[in-house]
file protein.cif (mmCIF, N, CA and C atoms)
data_run
#
loop_
_atom_site.label_atom_id
_atom_site.label_comp_id
_atom_site.auth_asym_id
_atom_site.auth_seq_id
_atom_site.Cartn_x
_atom_site.Cartn_y
_atom_site.Cartn_z
N MET A 1 13.63 -8.32 17.73
CA MET A 1 13.71 -6.89 17.91
C MET A 1 14.29 -6.22 16.65
N VAL A 2 15.30 -6.83 16.06
CA VAL A 2 15.91 -6.27 14.85
C VAL A 2 14.88 -6.24 13.73
N GLY A 3 14.03 -7.27 13.65
CA GLY A 3 13.01 -7.33 12.62
C GLY A 3 12.03 -6.17 12.70
N ILE A 4 11.61 -5.82 13.91
CA ILE A 4 10.69 -4.69 14.07
C ILE A 4 11.36 -3.40 13.65
N VAL A 5 12.63 -3.23 14.00
CA VAL A 5 13.35 -2.03 13.61
C VAL A 5 13.45 -1.94 12.09
N VAL A 6 13.77 -3.04 11.44
CA VAL A 6 13.87 -3.06 9.97
C VAL A 6 12.50 -2.76 9.36
N GLY A 7 11.45 -3.40 9.88
CA GLY A 7 10.10 -3.16 9.38
C GLY A 7 9.67 -1.71 9.54
N LEU A 8 9.91 -1.15 10.72
CA LEU A 8 9.59 0.26 10.96
C LEU A 8 10.38 1.17 10.03
N PHE A 9 11.65 0.89 9.87
CA PHE A 9 12.50 1.70 9.00
C PHE A 9 11.97 1.71 7.56
N CYS A 10 11.65 0.54 7.04
CA CYS A 10 11.15 0.44 5.66
C CYS A 10 9.83 1.18 5.49
N VAL A 11 8.90 0.97 6.41
CA VAL A 11 7.60 1.62 6.30
C VAL A 11 7.72 3.13 6.52
N LEU A 12 8.58 3.55 7.43
CA LEU A 12 8.75 4.99 7.65
C LEU A 12 9.39 5.68 6.46
N ILE A 13 10.26 5.00 5.74
CA ILE A 13 10.82 5.59 4.52
C ILE A 13 9.71 5.84 3.50
N VAL A 14 8.89 4.83 3.26
CA VAL A 14 7.79 4.96 2.30
C VAL A 14 6.80 6.03 2.77
N ALA A 15 6.42 5.99 4.03
CA ALA A 15 5.46 6.96 4.56
C ALA A 15 6.04 8.37 4.52
N GLY A 16 7.30 8.51 4.84
CA GLY A 16 7.94 9.82 4.84
C GLY A 16 8.03 10.43 3.44
N ILE A 17 8.46 9.63 2.49
CA ILE A 17 8.54 10.12 1.10
C ILE A 17 7.15 10.44 0.58
N SER A 18 6.18 9.57 0.87
CA SER A 18 4.80 9.82 0.43
C SER A 18 4.26 11.10 1.04
N SER A 19 4.54 11.33 2.31
CA SER A 19 4.09 12.56 2.97
C SER A 19 4.74 13.79 2.37
N ALA A 20 6.02 13.68 2.01
CA ALA A 20 6.74 14.82 1.45
C ALA A 20 6.19 15.22 0.08
N ILE A 21 5.73 14.26 -0.71
CA ILE A 21 5.22 14.59 -2.05
C ILE A 21 3.70 14.73 -2.08
N PHE A 22 3.03 14.46 -0.97
CA PHE A 22 1.58 14.54 -0.90
C PHE A 22 1.14 16.00 -0.96
N LYS A 23 0.29 16.29 -1.91
CA LYS A 23 -0.29 17.62 -2.03
C LYS A 23 -1.68 17.44 -2.62
N ILE A 24 -2.68 17.67 -1.80
CA ILE A 24 -4.05 17.44 -2.27
C ILE A 24 -4.70 18.78 -2.62
N ASP A 25 -5.34 18.78 -3.76
CA ASP A 25 -6.17 19.90 -4.20
C ASP A 25 -7.59 19.49 -3.84
N LEU A 26 -8.10 20.04 -2.75
CA LEU A 26 -9.42 19.61 -2.26
C LEU A 26 -10.52 19.82 -3.29
N ASN A 27 -10.48 20.92 -4.02
CA ASN A 27 -11.51 21.16 -5.03
C ASN A 27 -11.49 20.08 -6.09
N TRP A 28 -10.29 19.68 -6.53
CA TRP A 28 -10.17 18.62 -7.52
C TRP A 28 -10.67 17.29 -6.96
N TYR A 29 -10.23 16.96 -5.73
CA TYR A 29 -10.62 15.69 -5.13
C TYR A 29 -12.12 15.62 -4.90
N ILE A 30 -12.71 16.70 -4.40
CA ILE A 30 -14.14 16.72 -4.15
C ILE A 30 -14.92 16.57 -5.45
N SER A 31 -14.38 17.13 -6.55
CA SER A 31 -15.09 17.07 -7.83
C SER A 31 -15.04 15.69 -8.48
N LEU A 32 -14.17 14.81 -7.99
CA LEU A 32 -14.08 13.46 -8.56
C LEU A 32 -15.34 12.67 -8.26
N ASN A 33 -15.74 11.88 -9.21
CA ASN A 33 -16.86 10.96 -9.01
C ASN A 33 -16.29 9.71 -8.32
N LYS A 34 -16.56 9.59 -7.02
CA LYS A 34 -16.00 8.50 -6.22
C LYS A 34 -17.03 7.40 -6.02
N PRO A 35 -16.57 6.18 -5.76
CA PRO A 35 -17.51 5.07 -5.56
C PRO A 35 -18.32 5.28 -4.28
N PRO A 36 -19.51 4.71 -4.23
CA PRO A 36 -20.34 4.89 -3.04
C PRO A 36 -19.76 4.21 -1.80
N PHE A 37 -18.85 3.28 -1.99
CA PHE A 37 -18.27 2.55 -0.86
C PHE A 37 -16.95 3.15 -0.36
N VAL A 38 -16.58 4.32 -0.86
CA VAL A 38 -15.34 4.95 -0.39
C VAL A 38 -15.56 5.44 1.04
N VAL A 39 -14.58 5.21 1.88
CA VAL A 39 -14.69 5.57 3.30
C VAL A 39 -14.29 7.03 3.50
N SER A 40 -14.69 7.58 4.62
CA SER A 40 -14.33 8.96 4.94
C SER A 40 -12.82 9.05 5.19
N SER A 41 -12.33 10.27 5.19
CA SER A 41 -10.88 10.46 5.37
C SER A 41 -10.39 9.93 6.72
N GLY A 42 -11.21 10.03 7.75
CA GLY A 42 -10.82 9.51 9.07
C GLY A 42 -10.65 8.00 9.05
N TRP A 43 -11.61 7.30 8.46
CA TRP A 43 -11.51 5.85 8.37
C TRP A 43 -10.40 5.43 7.43
N PHE A 44 -10.19 6.20 6.36
CA PHE A 44 -9.11 5.88 5.43
C PHE A 44 -7.76 5.94 6.15
N THR A 45 -7.59 6.93 7.02
CA THR A 45 -6.36 7.04 7.80
C THR A 45 -6.16 5.81 8.68
N VAL A 46 -7.24 5.32 9.27
CA VAL A 46 -7.16 4.12 10.10
C VAL A 46 -6.77 2.92 9.24
N PHE A 47 -7.38 2.80 8.05
CA PHE A 47 -7.06 1.68 7.15
C PHE A 47 -5.59 1.72 6.72
N VAL A 48 -5.08 2.91 6.42
CA VAL A 48 -3.67 3.05 6.03
C VAL A 48 -2.77 2.66 7.20
N ALA A 49 -3.10 3.11 8.40
CA ALA A 49 -2.29 2.78 9.58
C ALA A 49 -2.27 1.28 9.83
N VAL A 50 -3.42 0.63 9.72
CA VAL A 50 -3.48 -0.83 9.91
C VAL A 50 -2.66 -1.54 8.83
N SER A 51 -2.72 -1.02 7.60
CA SER A 51 -1.92 -1.60 6.52
C SER A 51 -0.43 -1.46 6.81
N TYR A 52 -0.02 -0.29 7.29
CA TYR A 52 1.39 -0.09 7.64
C TYR A 52 1.81 -1.02 8.77
N ILE A 53 0.99 -1.14 9.80
CA ILE A 53 1.32 -2.02 10.92
C ILE A 53 1.41 -3.47 10.45
N SER A 54 0.49 -3.86 9.60
CA SER A 54 0.51 -5.21 9.04
C SER A 54 1.81 -5.46 8.27
N SER A 55 2.23 -4.49 7.49
CA SER A 55 3.48 -4.61 6.72
C SER A 55 4.70 -4.66 7.66
N ILE A 56 4.68 -3.86 8.71
CA ILE A 56 5.79 -3.86 9.67
C ILE A 56 5.93 -5.23 10.31
N VAL A 57 4.81 -5.81 10.72
CA VAL A 57 4.84 -7.13 11.36
C VAL A 57 5.34 -8.19 10.38
N ALA A 58 4.88 -8.12 9.12
CA ALA A 58 5.32 -9.10 8.12
C ALA A 58 6.82 -8.98 7.85
N VAL A 59 7.31 -7.76 7.67
CA VAL A 59 8.76 -7.56 7.44
C VAL A 59 9.53 -8.04 8.66
N SER A 60 9.02 -7.76 9.84
CA SER A 60 9.67 -8.20 11.07
C SER A 60 9.81 -9.72 11.10
N ARG A 61 8.76 -10.41 10.73
CA ARG A 61 8.82 -11.88 10.69
C ARG A 61 9.81 -12.37 9.64
N LEU A 62 9.83 -11.70 8.48
CA LEU A 62 10.78 -12.10 7.44
C LEU A 62 12.21 -11.98 7.93
N VAL A 63 12.51 -10.89 8.61
CA VAL A 63 13.86 -10.69 9.15
C VAL A 63 14.14 -11.73 10.23
N HIS A 64 13.16 -11.97 11.08
CA HIS A 64 13.34 -12.94 12.16
C HIS A 64 13.61 -14.35 11.61
N PHE A 65 12.86 -14.75 10.59
CA PHE A 65 13.02 -16.08 10.00
C PHE A 65 14.08 -16.12 8.90
N LYS A 66 14.70 -14.99 8.62
CA LYS A 66 15.75 -14.87 7.60
C LYS A 66 15.26 -15.28 6.21
N HIS A 67 14.05 -14.85 5.87
CA HIS A 67 13.48 -15.06 4.53
C HIS A 67 13.57 -13.74 3.77
N PHE A 68 14.78 -13.30 3.49
CA PHE A 68 14.95 -11.98 2.89
C PHE A 68 14.58 -11.93 1.41
N PHE A 69 15.06 -12.90 0.66
CA PHE A 69 14.92 -12.81 -0.80
C PHE A 69 13.94 -13.87 -1.28
N PRO A 70 13.04 -13.57 -2.15
CA PRO A 70 12.77 -12.30 -2.82
C PRO A 70 11.69 -11.46 -2.15
N SER A 71 11.21 -11.87 -0.98
CA SER A 71 10.11 -11.15 -0.34
C SER A 71 10.42 -9.67 -0.11
N LEU A 72 11.63 -9.37 0.35
CA LEU A 72 11.95 -7.96 0.59
C LEU A 72 12.06 -7.18 -0.72
N LEU A 73 12.40 -7.86 -1.81
CA LEU A 73 12.38 -7.22 -3.12
C LEU A 73 10.95 -6.84 -3.49
N PHE A 74 10.01 -7.74 -3.25
CA PHE A 74 8.60 -7.44 -3.51
C PHE A 74 8.11 -6.31 -2.62
N PHE A 75 8.55 -6.31 -1.36
CA PHE A 75 8.18 -5.20 -0.47
C PHE A 75 8.76 -3.88 -0.98
N GLY A 76 9.99 -3.92 -1.50
CA GLY A 76 10.58 -2.71 -2.06
C GLY A 76 9.79 -2.19 -3.25
N LEU A 77 9.37 -3.08 -4.13
CA LEU A 77 8.54 -2.69 -5.27
C LEU A 77 7.17 -2.19 -4.81
N LEU A 78 6.64 -2.78 -3.76
CA LEU A 78 5.39 -2.33 -3.19
C LEU A 78 5.52 -0.90 -2.67
N GLY A 79 6.59 -0.64 -1.94
CA GLY A 79 6.82 0.70 -1.41
C GLY A 79 7.02 1.72 -2.51
N LEU A 80 7.80 1.36 -3.53
CA LEU A 80 8.04 2.27 -4.66
C LEU A 80 6.74 2.57 -5.40
N SER A 81 5.92 1.56 -5.62
CA SER A 81 4.65 1.79 -6.31
C SER A 81 3.71 2.64 -5.46
N ASN A 82 3.78 2.51 -4.13
CA ASN A 82 2.99 3.39 -3.25
C ASN A 82 3.39 4.84 -3.43
N ILE A 83 4.70 5.08 -3.42
CA ILE A 83 5.21 6.45 -3.57
C ILE A 83 4.79 7.03 -4.93
N LEU A 84 4.95 6.24 -5.98
CA LEU A 84 4.59 6.72 -7.31
C LEU A 84 3.09 6.91 -7.45
N PHE A 85 2.29 6.09 -6.78
CA PHE A 85 0.84 6.29 -6.78
C PHE A 85 0.48 7.63 -6.15
N VAL A 86 1.03 7.89 -4.98
CA VAL A 86 0.74 9.16 -4.29
C VAL A 86 1.16 10.34 -5.16
N LEU A 87 2.33 10.23 -5.79
CA LEU A 87 2.80 11.29 -6.67
C LEU A 87 1.82 11.52 -7.83
N CYS A 88 1.45 10.45 -8.49
CA CYS A 88 0.58 10.56 -9.68
C CYS A 88 -0.84 10.98 -9.33
N PHE A 89 -1.40 10.45 -8.26
CA PHE A 89 -2.79 10.74 -7.94
C PHE A 89 -2.95 12.11 -7.29
N PHE A 90 -2.20 12.37 -6.24
CA PHE A 90 -2.43 13.59 -5.47
C PHE A 90 -1.65 14.80 -5.98
N ARG A 91 -0.48 14.59 -6.51
CA ARG A 91 0.35 15.72 -6.96
C ARG A 91 0.09 16.02 -8.43
N LEU A 92 0.19 14.97 -9.28
CA LEU A 92 0.08 15.19 -10.72
C LEU A 92 -1.37 15.09 -11.23
N LYS A 93 -2.26 14.52 -10.43
CA LYS A 93 -3.68 14.35 -10.78
C LYS A 93 -3.84 13.55 -12.07
N ASN A 94 -3.00 12.54 -12.25
CA ASN A 94 -3.03 11.70 -13.43
C ASN A 94 -3.67 10.36 -13.03
N LEU A 95 -4.93 10.20 -13.41
CA LEU A 95 -5.68 9.02 -12.97
C LEU A 95 -5.20 7.72 -13.62
N ILE A 96 -4.79 7.79 -14.88
CA ILE A 96 -4.33 6.57 -15.57
C ILE A 96 -3.01 6.08 -14.96
N ALA A 97 -2.06 6.98 -14.75
CA ALA A 97 -0.79 6.58 -14.12
C ALA A 97 -1.04 6.09 -12.70
N SER A 98 -1.96 6.73 -12.00
CA SER A 98 -2.32 6.29 -10.64
C SER A 98 -2.85 4.86 -10.66
N LEU A 99 -3.70 4.58 -11.64
CA LEU A 99 -4.25 3.24 -11.77
C LEU A 99 -3.16 2.22 -12.06
N VAL A 100 -2.20 2.59 -12.88
CA VAL A 100 -1.08 1.69 -13.18
C VAL A 100 -0.31 1.37 -11.90
N PHE A 101 0.01 2.40 -11.11
CA PHE A 101 0.84 2.16 -9.92
C PHE A 101 0.08 1.47 -8.80
N ILE A 102 -1.23 1.72 -8.67
CA ILE A 102 -1.98 0.98 -7.65
C ILE A 102 -2.15 -0.47 -8.09
N THR A 103 -2.19 -0.71 -9.41
CA THR A 103 -2.24 -2.09 -9.92
C THR A 103 -0.94 -2.82 -9.60
N VAL A 104 0.18 -2.15 -9.78
CA VAL A 104 1.48 -2.74 -9.43
C VAL A 104 1.53 -3.03 -7.92
N ALA A 105 1.04 -2.08 -7.12
CA ALA A 105 1.03 -2.29 -5.67
C ALA A 105 0.17 -3.50 -5.30
N LEU A 106 -1.00 -3.61 -5.92
CA LEU A 106 -1.85 -4.76 -5.64
C LEU A 106 -1.17 -6.06 -6.08
N ALA A 107 -0.52 -6.04 -7.24
CA ALA A 107 0.18 -7.23 -7.72
C ALA A 107 1.29 -7.65 -6.74
N MET A 108 2.03 -6.69 -6.22
CA MET A 108 3.09 -7.00 -5.25
C MET A 108 2.49 -7.53 -3.95
N ALA A 109 1.40 -6.91 -3.49
CA ALA A 109 0.74 -7.38 -2.26
C ALA A 109 0.20 -8.79 -2.45
N TYR A 110 -0.38 -9.05 -3.62
CA TYR A 110 -0.90 -10.39 -3.93
C TYR A 110 0.24 -11.41 -3.95
N THR A 111 1.33 -11.05 -4.61
CA THR A 111 2.50 -11.94 -4.68
C THR A 111 3.02 -12.26 -3.29
N LEU A 112 3.15 -11.23 -2.46
CA LEU A 112 3.62 -11.45 -1.09
C LEU A 112 2.65 -12.33 -0.31
N PHE A 113 1.36 -12.05 -0.44
CA PHE A 113 0.36 -12.81 0.30
C PHE A 113 0.40 -14.29 -0.08
N ILE A 114 0.49 -14.58 -1.37
CA ILE A 114 0.57 -15.98 -1.82
C ILE A 114 1.86 -16.62 -1.34
N ARG A 115 2.98 -15.89 -1.44
CA ARG A 115 4.26 -16.42 -0.93
C ARG A 115 4.14 -16.77 0.55
N PHE A 116 3.52 -15.89 1.31
CA PHE A 116 3.40 -16.12 2.75
C PHE A 116 2.48 -17.30 3.04
N ILE A 117 1.41 -17.45 2.27
CA ILE A 117 0.53 -18.62 2.47
C ILE A 117 1.32 -19.90 2.23
N LEU A 118 2.16 -19.90 1.21
CA LEU A 118 2.93 -21.11 0.88
C LEU A 118 4.09 -21.36 1.84
N LYS A 119 4.66 -20.30 2.42
CA LYS A 119 5.83 -20.46 3.28
C LYS A 119 5.49 -20.50 4.77
N GLU A 120 4.74 -19.52 5.21
CA GLU A 120 4.47 -19.38 6.65
C GLU A 120 3.11 -18.74 6.83
N ILE A 121 2.13 -19.51 7.23
CA ILE A 121 0.75 -19.04 7.32
C ILE A 121 0.60 -17.90 8.33
N LYS A 122 1.43 -17.86 9.37
CA LYS A 122 1.35 -16.77 10.35
C LYS A 122 1.65 -15.42 9.70
N ILE A 123 2.66 -15.40 8.83
CA ILE A 123 2.99 -14.16 8.13
C ILE A 123 1.84 -13.77 7.20
N ALA A 124 1.24 -14.75 6.55
CA ALA A 124 0.10 -14.47 5.66
C ALA A 124 -1.04 -13.85 6.45
N ALA A 125 -1.33 -14.39 7.62
CA ALA A 125 -2.41 -13.84 8.45
C ALA A 125 -2.09 -12.41 8.90
N GLU A 126 -0.84 -12.17 9.21
CA GLU A 126 -0.44 -10.82 9.65
C GLU A 126 -0.43 -9.83 8.49
N PHE A 127 -0.15 -10.31 7.29
CA PHE A 127 -0.11 -9.43 6.12
C PHE A 127 -1.48 -9.26 5.48
N ALA A 128 -2.44 -10.09 5.84
CA ALA A 128 -3.78 -10.06 5.22
C ALA A 128 -4.43 -8.67 5.25
N PRO A 129 -4.37 -7.92 6.36
CA PRO A 129 -4.98 -6.58 6.33
C PRO A 129 -4.36 -5.66 5.27
N ALA A 130 -3.07 -5.75 5.07
CA ALA A 130 -2.43 -4.93 4.04
C ALA A 130 -2.91 -5.36 2.65
N PHE A 131 -3.00 -6.65 2.41
CA PHE A 131 -3.47 -7.14 1.12
C PHE A 131 -4.91 -6.68 0.86
N VAL A 132 -5.76 -6.77 1.85
CA VAL A 132 -7.16 -6.32 1.71
C VAL A 132 -7.20 -4.83 1.42
N PHE A 133 -6.34 -4.06 2.09
CA PHE A 133 -6.29 -2.61 1.84
C PHE A 133 -5.92 -2.32 0.39
N TYR A 134 -4.92 -3.01 -0.14
CA TYR A 134 -4.52 -2.77 -1.53
C TYR A 134 -5.61 -3.18 -2.51
N ALA A 135 -6.33 -4.24 -2.21
CA ALA A 135 -7.44 -4.65 -3.08
C ALA A 135 -8.54 -3.57 -3.05
N TYR A 136 -8.85 -3.07 -1.87
CA TYR A 136 -9.85 -2.01 -1.74
C TYR A 136 -9.40 -0.74 -2.46
N ALA A 137 -8.15 -0.35 -2.27
CA ALA A 137 -7.63 0.85 -2.92
C ALA A 137 -7.66 0.71 -4.44
N PHE A 138 -7.31 -0.47 -4.92
CA PHE A 138 -7.35 -0.71 -6.36
C PHE A 138 -8.76 -0.53 -6.92
N VAL A 139 -9.75 -1.12 -6.25
CA VAL A 139 -11.13 -1.01 -6.72
C VAL A 139 -11.58 0.45 -6.71
N CYS A 140 -11.23 1.19 -5.66
CA CYS A 140 -11.60 2.61 -5.59
C CYS A 140 -10.95 3.40 -6.72
N VAL A 141 -9.66 3.21 -6.95
CA VAL A 141 -8.97 3.96 -8.00
C VAL A 141 -9.47 3.55 -9.38
N LEU A 142 -9.75 2.28 -9.58
CA LEU A 142 -10.31 1.82 -10.85
C LEU A 142 -11.64 2.52 -11.12
N TYR A 143 -12.50 2.57 -10.12
CA TYR A 143 -13.78 3.25 -10.26
C TYR A 143 -13.58 4.73 -10.59
N ILE A 144 -12.72 5.38 -9.85
CA ILE A 144 -12.46 6.81 -10.06
C ILE A 144 -11.91 7.04 -11.47
N ALA A 145 -10.97 6.21 -11.90
CA ALA A 145 -10.38 6.37 -13.23
C ALA A 145 -11.42 6.15 -14.32
N MET A 146 -12.34 5.24 -14.11
CA MET A 146 -13.35 4.94 -15.13
C MET A 146 -14.46 6.00 -15.16
N GLN A 147 -14.73 6.62 -14.03
CA GLN A 147 -15.84 7.56 -13.95
C GLN A 147 -15.45 9.02 -14.18
N ASN A 148 -14.18 9.31 -14.25
CA ASN A 148 -13.76 10.71 -14.38
C ASN A 148 -12.95 10.94 -15.63
#

call {"tool": "encode", "arguments": {"input": "protein.cif", "output": "structure tokens"}}
result
Amino acid sequence: MVGIVVGLFCVLIVAGISSAIFKIDLNWYISLNKPPFVVSSGWFTVFVAVSYISSIVAVSRLVHFKHFFPSLLFFGLLGLSNILFVLCFFRLKNLIASLVFITVALAMAYTLFIRFILKEIKIAAEFAPAFVFYAYAFVCVLYIAMQN
């Protein structure tokens, strides 16, 4: 139970800060040359929610199994890179900085996923949707940065 509370707390901090700095200029976003495989905003919301739930479950397991370090450090860097990505992409409209921060987020997700595969396969399976989301987001942002 404590693990779920810690996981929810961590994800809600990241989601809350990201929401507070989120400001989309629809004209700018619509004018971007996006990849043909980008999902609609409704599906993107579902993907983000599944990624958050996946992260909550993984953090919960880490707390339950007392595997705090360095996994929670990687989760912290993942959360920070998420916040900085949202700031750079949606607020500052800086595609290169956005690409840098989504790359860091993907690197942290990859690191966590590999750690979980090596330590506890159940956590890896639970974190897999989040890792897939970061890989997808990276490819989308890379395409956008290269085409605009």

call {"tool": "residues_near_point", "arguments": {"input": "protein.cif", "point": "(1.5, 4.7, 4.4)", "cutoff": "10 Å", "atoms": "only C-alpha atoms", "output": "MDAnalysis selection string"}}
result
chainID A and resid 11:19 45 47:53 55 79 82:83 86

call {"tool": "write_last_selection", "arguments": {"input": "protein.cif", "atoms": "N, CA and C atoms", "output": "mmCIF file, keeping the file's coordinate frame"}}
result
data_model
loop_
_atom_site.group_PDB
_atom_site.id
_atom_site.type_symbol
_atom_site.label_atom_id
_atom_site.label_comp_id
_atom_site.auth_asym_id
_atom_site.auth_seq_id
_atom_site.Cartn_x
_atom_site.Cartn_y
_atom_site.Cartn_z
ATOM 1 N N VAL A 11 8.900 0.970 6.410
ATOM 2 C CA VAL A 11 7.600 1.620 6.300
ATOM 3 C C VAL A 11 7.720 3.130 6.520
ATOM 4 N N LEU A 12 8.580 3.550 7.430
ATOM 5 C CA LEU A 12 8.750 4.990 7.650
ATOM 6 C C LEU A 12 9.390 5.680 6.460
ATOM 7 N N ILE A 13 10.260 5.000 5.740
ATOM 8 C CA ILE A 13 10.820 5.590 4.520
ATOM 9 C C ILE A 13 9.710 5.840 3.500
ATOM 10 N N VAL A 14 8.890 4.830 3.260
ATOM 11 C CA VAL A 14 7.790 4.960 2.300
ATOM 12 C C VAL A 14 6.800 6.030 2.770
ATOM 13 N N ALA A 15 6.420 5.990 4.030
ATOM 14 C CA ALA A 15 5.460 6.960 4.560
ATOM 15 C C ALA A 15 6.040 8.370 4.520
ATOM 16 N N GLY A 16 7.300 8.510 4.840
ATOM 17 C CA GLY A 16 7.940 9.820 4.840
ATOM 18 C C GLY A 16 8.030 10.430 3.440
ATOM 19 N N ILE A 17 8.460 9.630 2.490
ATOM 20 C CA ILE A 17 8.540 10.120 1.100
ATOM 21 C C ILE A 17 7.150 10.440 0.580
ATOM 22 N N SER A 18 6.180 9.570 0.870
ATOM 23 C CA SER A 18 4.800 9.820 0.430
ATOM 24 C C SER A 18 4.260 11.100 1.040
ATOM 25 N N SER A 19 4.540 11.330 2.310
ATOM 26 C CA SER A 19 4.090 12.560 2.970
ATOM 27 C C SER A 19 4.740 13.790 2.370
ATOM 28 N N THR A 45 -7.590 6.930 7.020
ATOM 29 C CA THR A 45 -6.360 7.040 7.800
ATOM 30 C C THR A 45 -6.160 5.810 8.680
ATOM 31 N N PHE A 47 -7.380 2.800 8.050
ATOM 32 C CA PHE A 47 -7.060 1.680 7.150
ATOM 33 C C PHE A 47 -5.590 1.720 6.720
ATOM 34 N N VAL A 48 -5.080 2.910 6.420
ATOM 35 C CA VAL A 48 -3.670 3.050 6.030
ATOM 36 C C VAL A 48 -2.770 2.660 7.200
ATOM 37 N N ALA A 49 -3.100 3.110 8.400
ATOM 38 C CA ALA A 49 -2.290 2.780 9.580
ATOM 39 C C ALA A 49 -2.270 1.280 9.830
ATOM 40 N N VAL A 50 -3.420 0.630 9.720
ATOM 41 C CA VAL A 50 -3.480 -0.830 9.910
ATOM 42 C C VAL A 50 -2.660 -1.540 8.830
ATOM 43 N N SER A 51 -2.720 -1.020 7.600
ATOM 44 C CA SER A 51 -1.920 -1.600 6.520
ATOM 45 C C SER A 51 -0.430 -1.460 6.810
ATOM 46 N N TYR A 52 -0.020 -0.290 7.290
ATOM 47 C CA TYR A 52 1.390 -0.090 7.640
ATOM 48 C C TYR A 52 1.810 -1.020 8.770
ATOM 49 N N ILE A 53 0.990 -1.140 9.800
ATOM 50 C CA ILE A 53 1.320 -2.020 10.920
ATOM 51 C C ILE A 53 1.410 -3.470 10.450
ATOM 52 N N SER A 55 2.230 -4.490 7.490
ATOM 53 C CA SER A 55 3.480 -4.610 6.720
ATOM 54 C C SER A 55 4.700 -4.660 7.660
ATOM 55 N N GLY A 79 6.590 -0.640 -1.940
ATOM 56 C CA GLY A 79 6.820 0.700 -1.410
ATOM 57 C C GLY A 79 7.020 1.720 -2.510
ATOM 58 N N ASN A 82 3.780 2.510 -4.130
ATOM 59 C CA ASN A 82 2.990 3.390 -3.250
ATOM 60 C C ASN A 82 3.390 4.840 -3.430
ATOM 61 N N ILE A 83 4.700 5.080 -3.420
ATOM 62 C CA ILE A 83 5.210 6.450 -3.570
ATOM 63 C C ILE A 83 4.790 7.030 -4.930
ATOM 64 N N VAL A 86 1.030 7.890 -4.980
ATOM 65 C CA VAL A 86 0.740 9.160 -4.290
ATOM 66 C C VAL A 86 1.160 10.340 -5.160
#

call {"tool": "resolve_selection", "arguments": {"input": "protein.cif", "expression": "the PyMOL selection byres (((chain A and resi 27-30 and name CA) around 12) and name CA)", "output": "PyMOL selection string"}}
result
chain A and resi 23-26+31-34+40-41+89-95+144+148

call {"tool": "residues_around", "arguments": {"input": "protein.cif", "residues": "Ala58 (chain A)", "least_positions_apart": "3", "cutoff": "6 Å", "atoms": "all atoms listed in the file", "output": "ChimeraX atom specification"}}
result
/A:53-55,61-62,123,126-127

call {"tool": "closest_residue", "arguments": {"input": "protein.cif", "among": "A:Leu78, A:Val139, A:Leu8, A:Leu73", "to": "Tyr110 (chain A)", "atoms": "only C-alpha atoms"}}
result
A:Leu78

call {"tool": "atom_distance", "arguments": {"input": "protein.cif", "atom1": "CA of Thr103 (chain A)", "atom2": "atom C of His64 (chain A)"}}
result
29.4 Å

call {"tool": "resolve_selection", "arguments": {"input": "protein.cif", "expression": "the PyMOL selection byres (((chain A and resi 141 and name CA) around 8) and name CA)", "output": "list in words"}}
result
Leu95, Ser98, Leu99, Ile102, Ala137, Phe138, Val139, Cys140, Leu142, Tyr143, Ile144 and Ala145 of chain A

call {"tool": "atom_distance", "arguments": {"input": "protein.cif", "atom1": "atom C of Phe101 (chain A)", "atom2": "CA of Gly76 (chain A)"}}
result
13.2 Å

call {"tool": "select_by_dssp", "arguments": {"input": "protein.cif", "residues": "chain A", "states": "alpha helix (DSSP H)", "output": "VMD selection string"}}
result
chain A and resid 2 to 21 26 to 31 41 to 65 71 to 86 95 to 119 121 to 147

call {"tool": "residues_near_point", "arguments": {"input": "protein.cif", "point": "(-10.5, 1.4, 0.3)", "cutoff": "7 Å", "atoms": "only C-alpha atoms", "output": "list in words"}}
result
Val38, Val39, Phe44, Phe133, Tyr136, Ala137 and Cys140 of chain A

call {"tool": "write_last_selection", "arguments": {"input": "protein.cif", "atoms": "N, CA and C atoms", "output": "JSON list (two decimals), in the frame of the given file"}}
result
[["chain", "number", "residue", "atom", "x", "y", "z"],
["A", 38, "VAL", "N", -16.58, 4.32, -0.86],
["A", 38, "VAL", "CA", -15.34, 4.95, -0.39],
["A", 38, "VAL", "C", -15.56, 5.44, 1.04],
["A", 39, "VAL", "N", -14.58, 5.21, 1.88],
["A", 39, "VAL", "CA", -14.69, 5.57, 3.30],
["A", 39, "VAL", "C", -14.29, 7.03, 3.50],
["A", 44, "PHE", "N", -10.19, 6.20, 6.36],
["A", 44, "PHE", "CA", -9.11, 5.88, 5.43],
["A", 44, "PHE", "C", -7.76, 5.94, 6.15],
["A", 133, "PHE", "N", -6.34, -4.06, 2.09],
["A", 133, "PHE", "CA", -6.29, -2.61, 1.84],
["A", 133, "PHE", "C", -5.92, -2.32, 0.39],
["A", 136, "TYR", "N", -8.85, -3.07, -1.87],
["A", 136, "TYR", "CA", -9.85, -2.01, -1.74],
["A", 136, "TYR", "C", -9.40, -0.74, -2.46],
["A", 137, "ALA", "N", -8.15, -0.35, -2.27],
["A", 137, "ALA", "CA", -7.63, 0.85, -2.92],
["A", 137, "ALA", "C", -7.66, 0.71, -4.44],
["A", 140, "CYS", "N", -11.23, 1.19, -5.66],
["A", 140, "CYS", "CA", -11.60, 2.61, -5.59],
["A", 140, "CYS", "C", -10.95, 3.40, -6.72]]
